[in-house]
Amino acid sequence: MFNRIFRAADYWSTRNIPRMTKLAPVVPSAILRARARAAFKDLMIWTASRSDYYQKRFAEAHIDPAWVGKIEHLGDFYTWPEDVQDDPLQFLCRAPGLVCETSGTTGRPKRTYFSYEEIDWLARYEACALYYCGIRSGDRVLCTFDQGFWVTGPMTEATLRHLNVFGSVVGKVPADEAYRRIQDDRYTVLLADPTWLLTLTDVASSAGNIPKLKFIMCGGDRLPERTRTYAQEVWRCPVLQGYGTTETCGFIGGECLERNGLHLDEFNLIVEIVDRDSEGFGEIVVTTLSRRVMPLIRYRTRDVARLVEGLCRCGSTIQRISPLKARRDDMVVMGAGNIYPVLLEKLVEPVAGWPKVWQAAVLQREGRDVLEFRILKNGDLHLDELRKSIEEQIRIQQPGMWANLQCAMYCIDVREVMPTQSKQPRKVSWLVDER
Ligand SMILES: [Zn+2]
């Protein structure tokens with residue numbers, strides 16, 4: 001009943017992005033919470049009657065969906081990313097319209113299904129977030145987020161449509177080409193991943209005569225403060241960061257122009273921080289309130305952040321989280337893309353003379369990501385040849401990673417270490433992020 005009233009209010013307010021942007025940031029927290037509670041109760045009933053996965057899991061945990069009034073009543077019930085990865089079809093509550101995917105820790109893609117209506121609905125909120133940061137109908141948006149099976153393509157296109165702005169969703173094109181097009185086509189807003197932005201900023205910095213952008217929104221990876229400062233200096237505009245995952249259909253939160261925490265999408269998600277440490281950092285757990293094809297209840301994202309207390313200087317009542325502190329996964333997100341141990345194993349396997357004992361580390365040199373292979377010292381090895389062989393394997397096996405190498409988004413290095421410097425690495429935990 002309450003959910004129906006809230007949905008009617010949503011329907012009215014979301015028809016018009018400027019009106020929605022005026023209302024959404026000042027909705028009192030108590031109303032947001034009541035709204036989320038009503039949607040959550042509906043979601044429990046919906047999944048319990050339609051999703052094989054939740055039917056089974058609720059029965060195992062002795063959860064009666066009709067009696068769960070608040071999310072806290074679920075105790076230690078969670079949805080695990082491994083379950084989504086193993087068999088996403090068991091989550092389905094309704095026939096999907098499209099599928100998106102990301103690489104997981106074991107290298108098998110994690111797939112999530114949506115309907116076109118869901119993409120369209122959630123894109124209104126993303127549009128609202130961008131409008132809040134200053135996008136207006138005369139703006140021109142260039143989106144260079146990775147394409148492929150990622151959710152960013154369909155989501156960004158739908159978002160730009162709601163904003164009614166001129167926009168191009170082109171994927172990760174070479175930085176010099178993007179720079180030329182920003183000048184020629186007079187783009188005013190750029191959406192980009194942080195490492196790629198670094199390369200583009202180098203190009204802009206050496207080319208001079210830098211076009212004026214309204215702001216740059218980063219996503220897809222953590223935005224290091226050093227990258228932000230550098231890009232803001234060169235472009236003379238705010239560089240903001242957004243955060244989302246494919247499983248949550250993109251956007252979870254994004255910064256406003258204050259750049260002091262990411263405002264969450266409290267209209268479509270319940271975001272909890274669990275297993276908190278003494279500083280309040282814990283894993284981000286997300287419940288998707290408005291999706292009906294493959295909704296997720298208390299999904300463990302494996303990403304770590306904390307809540308930001310108090311009102312934002314922008315005046316919005318919407319809850320904020322800190323930028324991501326880390327990912328709990330073994331996966332390392334870097335200039336090469338999503339890197340995980342199994343992928344590296346496959347790369348070195350065919351390389352003649354590759355030593356049995358090795359380790360890989362992701363580090364930064366002069367602001368750039370380096371994927372460094374460390375091997376035990378052995379006078380017979382030719383490091384430069386090994387590096388070339390690895391690069392050749394990247395070209396053969398990993399087209400996306402190869403394209404990023406060509407764009408100078410990272411580089412490969414092979415280094416010898418003394419036996420005492422390196423513990424005998426175990427098979428799995430030998431990919432370390434040292435950035
Ligand atoms: Zn704010």
# chains A, B, ... in the order shown; residues from 1 in each chain; ligands from 1
$ select_by_dssp --residues "region 326-430 of chain A" --states "strand (DSSP E or B)" --output "VMD selection string"
chain A and resid 326 to 327 332 to 334 337 to 339 358 to 365 368 to 376 410 to 417
$ write_last_selection --atoms "N, CA and C atoms" --output "compact mmCIF listing (two decimals), in the first residue's frame"
# COMPACT_ATOMS: atom_id res chain seq x y z
N ALA A 326 39.31 0.03 -0.44
CA ALA A 326 39.92 -1.15 -1.04
C ALA A 326 38.85 -2.05 -1.60
N ARG A 327 39.27 -3.05 -2.31
CA ARG A 327 38.39 -4.13 -2.71
C ARG A 327 38.84 -5.37 -1.97
N VAL A 332 42.62 -7.03 -8.96
CA VAL A 332 43.19 -5.69 -8.89
C VAL A 332 42.69 -4.92 -10.11
N VAL A 333 42.09 -3.77 -9.84
CA VAL A 333 41.61 -2.93 -10.94
C VAL A 333 42.70 -1.92 -11.25
N MET A 334 43.19 -1.95 -12.46
CA MET A 334 44.32 -1.07 -12.81
C MET A 334 44.22 -0.65 -14.27
N GLY A 337 43.05 -3.04 -16.89
CA GLY A 337 41.70 -3.57 -16.76
C GLY A 337 41.59 -4.30 -15.43
N ASN A 338 40.71 -5.29 -15.37
CA ASN A 338 40.59 -6.09 -14.14
C ASN A 338 41.56 -7.26 -14.22
N ILE A 339 42.52 -7.26 -13.32
CA ILE A 339 43.56 -8.29 -13.35
C ILE A 339 43.35 -9.25 -12.19
N TRP A 358 57.36 -17.05 -9.26
CA TRP A 358 57.24 -15.65 -9.64
C TRP A 358 56.10 -15.01 -8.87
N GLN A 359 56.03 -13.73 -8.98
CA GLN A 359 55.02 -12.96 -8.26
C GLN A 359 54.68 -11.76 -9.14
N ALA A 360 53.48 -11.25 -9.01
CA ALA A 360 53.14 -10.05 -9.77
C ALA A 360 52.68 -8.96 -8.81
N ALA A 361 53.05 -7.74 -9.13
CA ALA A 361 52.63 -6.62 -8.28
C ALA A 361 52.16 -5.49 -9.17
N VAL A 362 51.15 -4.79 -8.68
CA VAL A 362 50.70 -3.59 -9.39
C VAL A 362 51.19 -2.40 -8.57
N LEU A 363 51.97 -1.54 -9.21
CA LEU A 363 52.47 -0.37 -8.50
C LEU A 363 52.36 0.85 -9.39
N GLN A 364 52.74 1.99 -8.84
CA GLN A 364 52.68 3.21 -9.65
C GLN A 364 54.05 3.84 -9.74
N ARG A 365 54.40 4.23 -10.97
CA ARG A 365 55.62 4.99 -11.17
C ARG A 365 55.24 6.26 -11.91
N ARG A 368 51.69 6.42 -12.98
CA ARG A 368 51.18 5.42 -13.92
C ARG A 368 51.23 4.02 -13.33
N ASP A 369 50.26 3.22 -13.72
CA ASP A 369 50.25 1.83 -13.25
C ASP A 369 51.31 1.00 -13.96
N VAL A 370 51.98 0.19 -13.17
CA VAL A 370 52.95 -0.76 -13.73
C VAL A 370 52.55 -2.15 -13.26
N LEU A 371 52.48 -3.09 -14.18
CA LEU A 371 52.27 -4.49 -13.81
C LEU A 371 53.64 -5.14 -13.82
N GLU A 372 54.15 -5.38 -12.64
CA GLU A 372 55.53 -5.84 -12.52
C GLU A 372 55.57 -7.32 -12.17
N PHE A 373 56.24 -8.09 -13.03
CA PHE A 373 56.45 -9.51 -12.74
C PHE A 373 57.79 -9.65 -12.04
N ARG A 374 57.79 -10.33 -10.90
CA ARG A 374 59.03 -10.51 -10.14
C ARG A 374 59.43 -11.97 -10.18
N ILE A 375 60.65 -12.20 -10.63
CA ILE A 375 61.12 -13.59 -10.72
C ILE A 375 62.40 -13.74 -9.94
N LEU A 376 62.66 -14.95 -9.53
CA LEU A 376 63.86 -15.18 -8.72
C LEU A 376 65.12 -15.02 -9.55
N TYR A 410 49.19 1.63 -18.89
CA TYR A 410 50.03 0.94 -17.91
C TYR A 410 51.23 0.40 -18.68
N CYS A 411 52.23 -0.12 -17.98
CA CYS A 411 53.31 -0.79 -18.69
C CYS A 411 53.66 -2.07 -17.97
N ILE A 412 54.38 -2.91 -18.68
CA ILE A 412 54.79 -4.21 -18.15
C ILE A 412 56.26 -4.13 -17.78
N ASP A 413 56.62 -4.70 -16.65
CA ASP A 413 58.02 -4.74 -16.27
C ASP A 413 58.32 -6.14 -15.74
N VAL A 414 59.53 -6.62 -16.02
CA VAL A 414 59.96 -7.89 -15.43
C VAL A 414 61.24 -7.61 -14.65
N ARG A 415 61.25 -7.99 -13.38
CA ARG A 415 62.37 -7.64 -12.52
C ARG A 415 62.83 -8.89 -11.77
N GLU A 416 64.12 -8.95 -11.57
CA GLU A 416 64.64 -10.08 -10.79
C GLU A 416 64.75 -9.69 -9.33
N VAL A 417 64.38 -10.61 -8.46
CA VAL A 417 64.56 -10.34 -7.03
C VAL A 417 65.44 -11.43 -6.44
$ residues_near_ligand --ligand "ligand 1" --cutoff "8 Å" --atoms "only C-alpha atoms and all ligand atoms" --output "NGL selection string"
:A and (255-263 or 311-316 or 318)
$ closest_residue --among "A:Cys128, A:Val68, A:Leu197, A:Val285" --to "Thr248 (chain A)" --atoms "only C-alpha atoms"
A:Val285
$ residues_around --residues "region 172-181 of chain A" --least-positions-apart "6" --cutoff "7 Å" --atoms "only C-alpha atoms" --output "ChimeraX atom specification"
/A:144-146,199-200,203-204,407
$ closest_residue --among "A:Phe166, A:Leu405, A:Asp42, A:Arg15" --to "Ala336 (chain A)" --atoms "only C-alpha atoms"
A:Leu405
$ residues_around --residues "Ser322 (chain A)" --least-positions-apart "2" --cutoff "12 Å" --atoms "only C-alpha atoms" --output "mmCIF file with C-alpha atoms, in the first residue's frame"
data_model
loop_
_atom_site.group_PDB
_atom_site.id
_atom_site.type_symbol
_atom_site.label_atom_id
_atom_site.label_comp_id
_atom_site.auth_asym_id
_atom_site.auth_seq_id
_atom_site.Cartn_x
_atom_site.Cartn_y
_atom_site.Cartn_z
ATOM 1 C CA ARG A 222 39.364 4.353 -7.544
ATOM 2 C CA LEU A 223 40.323 7.936 -8.274
ATOM 3 C CA GLN A 241 34.155 10.379 -8.780
ATOM 4 C CA GLY A 242 31.277 7.979 -9.058
ATOM 5 C CA TYR A 243 30.987 4.420 -7.826
ATOM 6 C CA GLY A 253 26.833 6.800 -5.472
ATOM 7 C CA GLY A 254 28.623 9.838 -6.788
ATOM 8 C CA GLU A 255 30.239 13.035 -5.602
ATOM 9 C CA ARG A 259 33.843 16.489 -3.502
ATOM 10 C CA ASN A 260 33.358 15.440 0.091
ATOM 11 C CA GLY A 261 31.917 11.922 -0.025
ATOM 12 C CA LEU A 262 29.713 10.114 -2.539
ATOM 13 C CA HIS A 263 25.948 10.651 -2.258
ATOM 14 C CA LEU A 264 24.176 7.282 -2.409
ATOM 15 C CA ILE A 273 28.417 -1.079 5.746
ATOM 16 C CA GLU A 279 37.464 3.492 11.995
ATOM 17 C CA GLY A 280 34.051 2.544 10.617
ATOM 18 C CA PHE A 281 35.362 1.016 7.392
ATOM 19 C CA GLY A 282 33.580 -2.120 6.298
ATOM 20 C CA GLU A 283 32.223 -3.985 3.304
ATOM 21 C CA ILE A 284 29.556 -2.244 1.222
ATOM 22 C CA ASP A 303 34.349 -3.136 -1.725
ATOM 23 C CA VAL A 304 35.346 -1.328 1.450
ATOM 24 C CA ALA A 305 34.286 2.184 2.506
ATOM 25 C CA ARG A 306 32.643 3.953 5.443
ATOM 26 C CA LEU A 307 29.666 6.226 5.961
ATOM 27 C CA VAL A 308 30.274 9.962 6.047
ATOM 28 C CA GLU A 309 28.337 11.540 8.914
ATOM 29 C CA GLN A 319 23.575 9.865 2.819
ATOM 30 C CA ARG A 320 27.235 9.794 1.727
ATOM 31 C CA LEU A 324 36.525 3.213 -1.734
ATOM 32 C CA LYS A 325 39.346 2.222 0.544
ATOM 33 C CA ALA A 326 39.922 -1.149 -1.039
#
$ residues_around --residues "Thr47 (chain A)" --least-positions-apart "6" --cutoff "10 Å" --atoms "only C-alpha atoms" --output "list in words"
Tyr53, Tyr54, Gln55, Phe58, Pro65, Phe91, Leu92, Cys93, Arg292, Val293, Met294, Pro295, Leu296 and Ile297 of chain A
$ residues_around --residues "Gln232 (chain A)" --least-positions-apart "5" --cutoff "10 Å" --atoms "only C-alpha atoms" --output "PyMOL selection string"
chain A and resi 201+215-216+226-227+237-240
$ closest_residue --among "A:Gly367, A:Pro211, A:Gly167, A:Pro96" --to "Trp235 (chain A)" --atoms "only C-alpha atoms"
A:Pro211
$ select_by_dssp --residues "region 199-230 of chain A" --states "alpha helix (DSSP H)" --output "MDAnalysis selection string"
chainID A and resid 199:207 225:230
$ residues_around --residues "region 71-86 of chain A" --least-positions-apart "2" --cutoff "7 Å" --atoms "only C-alpha atoms" --output "NGL selection string"
:A and (68-69 or 88 or 109-111 or 297-300)
$ write_last_selection --atoms "N, CA and C atoms" --output "compact mmCIF listing (two decimals), in the first residue's frame"
# COMPACT_ATOMS: atom_id res chain seq x y z
N VAL A 68 9.24 -10.33 7.66
CA VAL A 68 10.44 -9.50 7.69
C VAL A 68 10.04 -8.06 7.37
N GLY A 69 10.03 -7.20 8.38
CA GLY A 69 9.59 -5.83 8.17
C GLY A 69 10.73 -4.88 7.85
N PRO A 88 23.71 -17.34 -12.25
CA PRO A 88 22.85 -16.14 -12.15
C PRO A 88 21.40 -16.42 -12.51
N PRO A 109 33.24 -14.61 -15.97
CA PRO A 109 32.47 -13.38 -15.83
C PRO A 109 31.27 -13.55 -14.89
N LYS A 110 30.95 -12.47 -14.20
CA LYS A 110 29.78 -12.44 -13.33
C LYS A 110 28.68 -11.77 -14.13
N ARG A 111 27.55 -12.48 -14.32
CA ARG A 111 26.52 -11.95 -15.21
C ARG A 111 25.32 -11.44 -14.42
N ILE A 297 19.39 -9.06 -2.71
CA ILE A 297 19.13 -8.70 -1.32
C ILE A 297 20.41 -8.83 -0.52
N ARG A 298 20.85 -7.75 0.03
CA ARG A 298 22.08 -7.71 0.84
C ARG A 298 23.26 -8.36 0.11
N TYR A 299 23.56 -7.78 -1.01
CA TYR A 299 24.64 -8.30 -1.86
C TYR A 299 25.99 -7.77 -1.37
N ARG A 300 26.92 -8.69 -1.12
CA ARG A 300 28.26 -8.30 -0.63
C ARG A 300 29.10 -7.85 -1.83
$ atom_distance --atom1 "CA of Pro154 (chain A)" --atom2 "CA of Ala8 (chain A)"
25.5 Å
$ decode --residues "region 330-405 of chain A" --atoms "C-alpha atoms" --output "PDB file, in the first residue's frame"
ATOM      1  CA  ASP A 330      42.020 -10.655  -5.117  1.00  0.00           C
ATOM      2  CA  MET A 331      41.156  -8.801  -8.251  1.00  0.00           C
ATOM      3  CA  VAL A 332      43.194  -5.689  -8.894  1.00  0.00           C
ATOM      4  CA  VAL A 333      41.609  -2.933 -10.940  1.00  0.00           C
ATOM      5  CA  MET A 334      44.325  -1.068 -12.809  1.00  0.00           C
ATOM      6  CA  GLY A 335      45.235   0.523 -16.111  1.00  0.00           C
ATOM      7  CA  ALA A 336      45.317  -2.900 -17.784  1.00  0.00           C
ATOM      8  CA  GLY A 337      41.698  -3.569 -16.763  1.00  0.00           C
ATOM      9  CA  ASN A 338      40.586  -6.085 -14.142  1.00  0.00           C
ATOM     10  CA  ILE A 339      43.564  -8.288 -13.351  1.00  0.00           C
ATOM     11  CA  TYR A 340      43.334 -11.494 -11.381  1.00  0.00           C
ATOM     12  CA  PRO A 341      45.788 -14.302 -10.664  1.00  0.00           C
ATOM     13  CA  VAL A 342      44.332 -16.847 -13.085  1.00  0.00           C
ATOM     14  CA  LEU A 343      44.589 -14.404 -15.955  1.00  0.00           C
ATOM     15  CA  LEU A 344      48.282 -13.844 -15.234  1.00  0.00           C
ATOM     16  CA  GLU A 345      48.940 -17.562 -14.961  1.00  0.00           C
ATOM     17  CA  LYS A 346      47.528 -18.013 -18.446  1.00  0.00           C
ATOM     18  CA  LEU A 347      49.743 -15.240 -19.756  1.00  0.00           C
ATOM     19  CA  VAL A 348      53.005 -16.683 -18.475  1.00  0.00           C
ATOM     20  CA  GLU A 349      52.160 -20.320 -19.230  1.00  0.00           C
ATOM     21  CA  PRO A 350      53.195 -20.323 -22.905  1.00  0.00           C
ATOM     22  CA  VAL A 351      56.330 -18.216 -22.342  1.00  0.00           C
ATOM     23  CA  ALA A 352      59.428 -20.347 -22.944  1.00  0.00           C
ATOM     24  CA  GLY A 353      61.886 -20.239 -20.053  1.00  0.00           C
ATOM     25  CA  TRP A 354      59.443 -18.587 -17.628  1.00  0.00           C
ATOM     26  CA  PRO A 355      60.563 -19.526 -14.099  1.00  0.00           C
ATOM     27  CA  LYS A 356      58.319 -21.536 -11.819  1.00  0.00           C
ATOM     28  CA  VAL A 357      58.543 -19.114  -8.955  1.00  0.00           C
ATOM     29  CA  TRP A 358      57.239 -15.646  -9.640  1.00  0.00           C
ATOM     30  CA  GLN A 359      55.021 -12.962  -8.265  1.00  0.00           C
ATOM     31  CA  ALA A 360      53.142 -10.048  -9.769  1.00  0.00           C
ATOM     32  CA  ALA A 361      52.635  -6.624  -8.282  1.00  0.00           C
ATOM     33  CA  VAL A 362      50.698  -3.587  -9.389  1.00  0.00           C
ATOM     34  CA  LEU A 363      52.470  -0.367  -8.502  1.00  0.00           C
ATOM     35  CA  GLN A 364      52.679   3.209  -9.649  1.00  0.00           C
ATOM     36  CA  ARG A 365      55.624   4.994 -11.169  1.00  0.00           C
ATOM     37  CA  GLU A 366      55.195   8.693 -11.921  1.00  0.00           C
ATOM     38  CA  GLY A 367      51.458   8.364 -11.530  1.00  0.00           C
ATOM     39  CA  ARG A 368      51.176   5.420 -13.916  1.00  0.00           C
ATOM     40  CA  ASP A 369      50.246   1.830 -13.250  1.00  0.00           C
ATOM     41  CA  VAL A 370      52.954  -0.758 -13.726  1.00  0.00           C
ATOM     42  CA  LEU A 371      52.272  -4.486 -13.808  1.00  0.00           C
ATOM     43  CA  GLU A 372      55.532  -5.840 -12.523  1.00  0.00           C
ATOM     44  CA  PHE A 373      56.453  -9.514 -12.744  1.00  0.00           C
ATOM     45  CA  ARG A 374      59.032 -10.508 -10.145  1.00  0.00           C
ATOM     46  CA  ILE A 375      61.118 -13.587 -10.720  1.00  0.00           C
ATOM     47  CA  LEU A 376      63.858 -15.182  -8.719  1.00  0.00           C
ATOM     48  CA  LYS A 377      67.369 -14.182  -9.686  1.00  0.00           C
ATOM     49  CA  ASN A 378      68.892 -16.517 -12.200  1.00  0.00           C
ATOM     50  CA  GLY A 379      71.786 -15.357 -14.392  1.00  0.00           C
ATOM     51  CA  ASP A 380      70.473 -17.108 -17.519  1.00  0.00           C
ATOM     52  CA  LEU A 381      67.283 -15.098 -17.865  1.00  0.00           C
ATOM     53  CA  HIS A 382      66.915 -12.276 -20.372  1.00  0.00           C
ATOM     54  CA  LEU A 383      64.451  -9.943 -18.756  1.00  0.00           C
ATOM     55  CA  ASP A 384      63.763  -7.848 -21.815  1.00  0.00           C
ATOM     56  CA  GLU A 385      62.892 -10.919 -23.883  1.00  0.00           C
ATOM     57  CA  LEU A 386      60.584 -12.207 -21.155  1.00  0.00           C
ATOM     58  CA  ARG A 387      58.823  -8.840 -21.069  1.00  0.00           C
ATOM     59  CA  LYS A 388      58.351  -8.918 -24.840  1.00  0.00           C
ATOM     60  CA  SER A 389      56.966 -12.461 -24.648  1.00  0.00           C
ATOM     61  CA  ILE A 390      54.467 -11.415 -21.974  1.00  0.00           C
ATOM     62  CA  GLU A 391      53.360  -8.494 -24.108  1.00  0.00           C
ATOM     63  CA  GLU A 392      52.981 -10.831 -27.080  1.00  0.00           C
ATOM     64  CA  GLN A 393      50.777 -13.134 -24.966  1.00  0.00           C
ATOM     65  CA  ILE A 394      48.667 -10.150 -23.924  1.00  0.00           C
ATOM     66  CA  ARG A 395      48.203  -9.332 -27.604  1.00  0.00           C
ATOM     67  CA  ILE A 396      47.139 -12.918 -28.377  1.00  0.00           C
ATOM     68  CA  GLN A 397      45.017 -13.662 -25.312  1.00  0.00           C
ATOM     69  CA  GLN A 398      43.643 -10.386 -23.971  1.00  0.00           C
ATOM     70  CA  PRO A 399      42.520  -7.856 -26.608  1.00  0.00           C
ATOM     71  CA  GLY A 400      41.184  -5.377 -24.025  1.00  0.00           C
ATOM     72  CA  MET A 401      44.366  -5.491 -21.992  1.00  0.00           C
ATOM     73  CA  TRP A 402      46.383  -5.129 -25.202  1.00  0.00           C
ATOM     74  CA  ALA A 403      44.395  -2.053 -26.249  1.00  0.00           C
ATOM     75  CA  ASN A 404      45.094  -0.463 -22.868  1.00  0.00           C
ATOM     76  CA  LEU A 405      48.800  -1.234 -23.258  1.00  0.00           C
TER      77      LEU A 405
END
